[in-house]
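In what follows, a single structure is set out as structure tokens and then discussed.
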Amino acid sequence: LDPLAIKLRAQHTDILSAAKARQDFTANVSHELKTPLQNISGSAELLYNGMVKPEDVKDFSERIFSESGRMITLIDDIIKLSHLDEGGIDYDKKDTNLYEIAELTLRNLMPVAKKNKIDFTLEGEEVVIKAVPELVSEITYNLCDNAIKYNYEGGSVKVSVSRSGDKAVLSVSDTGIGIPVEEQSRIFERFYRVDKSHSRDVGGTGLGLSIVKHAAIIHDAEIEVISKIGHGTEIKISFPI
Ligand code: ADP
């Protein structure tokens, strides 16, 4: 094959795999939205037909409320991903204090940590990077949220921000359930979960880490995962300064 034919064939393969990825994503989204919607519809139908005993009305309404909340969270994540898919064209990078953003995340997630009896702390120094603050916030929030969700009661989550050479390093480390080595690269795929029912129980959408990965790519940041089953996980993001 001449070089042009090779190039065209490679482009064709790229187009096919992008189309396949879009198809998979659409199928996954439809499935993920359908499940809560079926629960909502089922509960609403029973209520409407007067098939629910007065003492159970509260439970049924609660189910409708929480399942619609799941759908809203999922749709919010899908919207974020589709913005990121556009290549971050409309994102403006500016001087961003990584420590301050981590501080804000701690403040926002502290009530969840308290509820789960998790010791949640931040240490380190102020480091300023050129970044999109909302996306850095997505990174810190999703990592901390996972570190709390996939933890044991009474465990801890330590966040640190430090400077290492020409990098600003954000580290989120937990004493939780850990991630099997063979799944560590897959957790960044859309809708990939190590344990689907556990993720669902703790309110996961399976999209958090794919948002993190995308946001990291926009910042030329590197991601490192260190994890041991039953002991915990550390995820480090190194941003160029
Ligand atoms: P989810 O919404 O399910 O949490 P994510 O994309 O954020 O989706 O994470 C993908 C999967 O990676 C999770 O379902 C979970 O199995 C695993 N995971 C992520 N973070 C951690 C962690 N800190 N400890 C253990 N498992 C984790």
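In the structure tokens, chains take letters A, B, ... by order of appearance, with residues numbered from 1 within each chain and ligands from 1 in the order shown.
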Within-9 Å residues of ligand 1, basis only C-alpha atoms and all ligand atoms, as a ChimeraX atom specification: /A:142-151,172-180,183-184,186-200,202-212,227,229,232-235
Strand (DSSP E or B) per DSSP on the backbone: members of stretch 72-206 of chain A, as an NGL selection string: :A and (94-97 or 119-124 or 128-131 or 156-164 or 167-174)
Shell around A:His214 at 12 Å using only C-alpha atoms, local window under 2 positions removed, as a VMD selection string: chain A and resid 80 to 88 135 to 136 138 to 139 188 to 190 207 to 212 216 to 223
Expected file: the selected residues, N, CA and C atoms, as a CSV table (one decimal), in the first residue's frame:
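What landed in result-v4.csv:
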```csv
chain,number,residue,atom,x,y,z
A,80,LYS,N,-22.1,17.5,31.2
A,80,LYS,CA,-20.7,17.9,31.4
A,80,LYS,C,-19.8,17.2,30.4
A,81,LEU,N,-20.0,15.9,30.2
A,81,LEU,CA,-19.2,15.1,29.3
A,81,LEU,C,-19.3,15.6,27.9
A,82,SER,N,-20.5,16.0,27.5
A,82,SER,CA,-20.7,16.4,26.1
A,82,SER,C,-20.0,17.8,25.9
A,83,HIS,N,-20.0,18.7,26.9
A,83,HIS,CA,-19.2,19.9,26.8
A,83,HIS,C,-17.7,19.6,26.6
A,84,LEU,N,-17.3,18.6,27.4
A,84,LEU,CA,-15.8,18.2,27.4
A,84,LEU,C,-15.5,17.6,26.0
A,85,ASP,N,-16.4,16.9,25.4
A,85,ASP,CA,-16.2,16.2,24.1
A,85,ASP,C,-16.0,17.3,23.0
A,86,GLU,N,-16.6,18.5,23.2
A,86,GLU,CA,-16.4,19.5,22.2
A,86,GLU,C,-14.9,20.0,22.2
A,87,GLY,N,-14.1,19.5,23.1
A,87,GLY,CA,-12.7,19.8,23.1
A,87,GLY,C,-12.3,21.0,24.0
A,88,GLY,N,-13.3,21.4,24.8
A,88,GLY,CA,-12.9,22.4,25.7
A,88,GLY,C,-12.7,23.8,25.1
A,135,LEU,N,-13.3,23.1,35.9
A,135,LEU,CA,-12.9,21.8,35.6
A,135,LEU,C,-12.0,21.2,36.7
A,136,VAL,N,-11.1,22.0,37.2
A,136,VAL,CA,-10.3,21.6,38.3
A,136,VAL,C,-11.2,21.2,39.5
A,138,GLU,N,-14.2,20.0,39.2
A,138,GLU,CA,-14.8,18.7,38.9
A,138,GLU,C,-13.8,17.6,39.3
A,139,ILE,N,-12.5,17.8,39.0
A,139,ILE,CA,-11.5,16.8,39.3
A,139,ILE,C,-11.5,16.6,40.8
A,188,PHE,N,-11.7,4.5,34.2
A,188,PHE,CA,-11.8,5.9,33.5
A,188,PHE,C,-12.7,5.8,32.3
A,189,GLU,N,-13.2,4.6,31.9
A,189,GLU,CA,-14.1,4.5,30.8
A,189,GLU,C,-15.5,4.9,31.2
A,190,ARG,N,-16.3,5.4,30.3
A,190,ARG,CA,-17.6,5.8,30.6
A,190,ARG,C,-18.5,4.6,31.0
A,207,LEU,N,-19.8,7.8,35.6
A,207,LEU,CA,-19.2,8.8,34.7
A,207,LEU,C,-18.2,9.7,35.4
A,208,GLY,N,-18.1,9.7,36.7
A,208,GLY,CA,-17.2,10.7,37.4
A,208,GLY,C,-15.8,10.6,36.9
A,209,LEU,N,-15.2,9.4,36.9
A,209,LEU,CA,-13.8,9.4,36.5
A,209,LEU,C,-13.6,9.7,35.0
A,210,SER,N,-14.6,9.4,34.2
A,210,SER,CA,-14.4,9.8,32.8
A,210,SER,C,-14.4,11.3,32.6
A,211,ILE,N,-15.1,12.0,33.5
A,211,ILE,CA,-15.1,13.5,33.5
A,211,ILE,C,-13.7,13.9,34.0
A,212,VAL,N,-13.2,13.2,35.1
A,212,VAL,CA,-11.8,13.5,35.6
A,212,VAL,C,-10.8,13.4,34.5
A,216,ALA,N,-8.5,16.2,32.9
A,216,ALA,CA,-7.0,16.2,33.0
A,216,ALA,C,-6.4,16.3,31.6
A,217,ILE,N,-7.0,15.7,30.6
A,217,ILE,CA,-6.4,15.8,29.2
A,217,ILE,C,-6.4,17.3,28.8
A,218,ILE,N,-7.5,18.0,29.1
A,218,ILE,CA,-7.5,19.5,28.7
A,218,ILE,C,-6.4,20.3,29.4
A,219,HIS,N,-5.9,19.8,30.5
A,219,HIS,CA,-4.9,20.5,31.3
A,219,HIS,C,-3.5,19.9,31.0
A,220,ASP,N,-3.3,18.9,30.1
A,220,ASP,CA,-2.1,18.2,30.0
A,220,ASP,C,-1.6,17.6,31.3
A,221,ALA,N,-2.6,17.2,32.1
A,221,ALA,CA,-2.2,16.6,33.4
A,221,ALA,C,-2.1,15.1,33.3
A,222,GLU,N,-1.2,14.6,34.2
A,222,GLU,CA,-1.1,13.1,34.2
A,222,GLU,C,-1.8,12.5,35.4
A,223,ILE,N,-2.3,11.3,35.1
A,223,ILE,CA,-3.1,10.6,36.2
A,223,ILE,C,-2.3,9.4,36.6
```
In stretch 16-240 of chain A, DSSP alpha helix (DSSP H) residues written as a PyMOL selection string: chain A and resi 16-48+57-85+98-115+133-149+196-201+208-218
From A:Leu170, A:Glu153, A:Leu1, A:Leu122, residue lying nearest A:Ser137 [only C-alpha atoms]: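 Among the listed residues, the smallest separation from A:Ser137 belongs to A:Leu170.
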